[in-house]
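One structure is given below, encoded as structure tokens.
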Amino acid sequence: MILLSRSRPAIPIPFPRSLPPHSGSGRAWRLTPEQKDAIEKWINMSESDKKGLILLNVLVCIVFVGLALAASILFIIHFEINPFDMDTWRNLPQTLQKVSKSFNSMHLQTKRSPRSAEL
């Protein structure tokens with residue numbers, strides 16, 4: 001197997017002499033020509049590849065939207081604050097006090113000794 005890189009010449013990597021027992025036949029080590037071509041195209045992908053850059057940007061946008069939705073779900077479920085409601089933003093000091101009270105109640109619950117908990 002040869003490791004391909006743009007900045008370095010090809011470096012041969014030796015194959016193991018014997019295959020591990022769980023690998024079955026040696027077929028797991030061989031790639032089809034289509035797979036080799038796909039890997040080579042992916043390695044040699046440049047910044048001029050418009051489709052690749054657009055898809056990567058879409059992926060990053062999807063990740064940020066997912067994080068924003070996760071944060072809003074946390075606020076709705078745990079703090080019982082709806083970030084999509086305009087009253088939440090109009091009464092921001094009261095909203096922040098509600099979040100602060102929630103954190104304080106969590107802090108007080110962790111300070112209690114486990115012996116005082118009832119079963």
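All residue names refer to the structure tokens as shown: chains lettered A, B, ... in order, residues numbered from 1 in each chain, ligands numbered from 1 in order.
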* To do: Fewer than 3 positions away in the same chain doesn't count, so skip those; otherwise give me all residues within 8 Å of A:Ser72, counting only C-alpha atoms, as a list in words.
  =>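 Listing them by chain and then by number gives Ala68, Leu69, Phe75, Ile76, Asn82 and Pro83 of chain A.
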* helix (DSSP H, G or I) positions in stretch 17-109 of chain A, given as a PyMOL selection string -> chain A and resi 21-23+26-29+33-43+50-77+86-90+92-109
* Structure fact -> Correct to one decimal, the distance atom CA of A:His78-atom CA of A:Val60 is 26.8 Å
* To do: Give me, please, the distance in Å between atom CA of A:Phe64 and atom CA of A:Glu80, quoted to one decimal.
  => 22.5 Å
* Restricting the calculation to only C-alpha atoms, which member of A:Met45, A:Leu55, A:Ile81, A:Ala38 is positioned closest to A:Ser102? -> A:Ile81
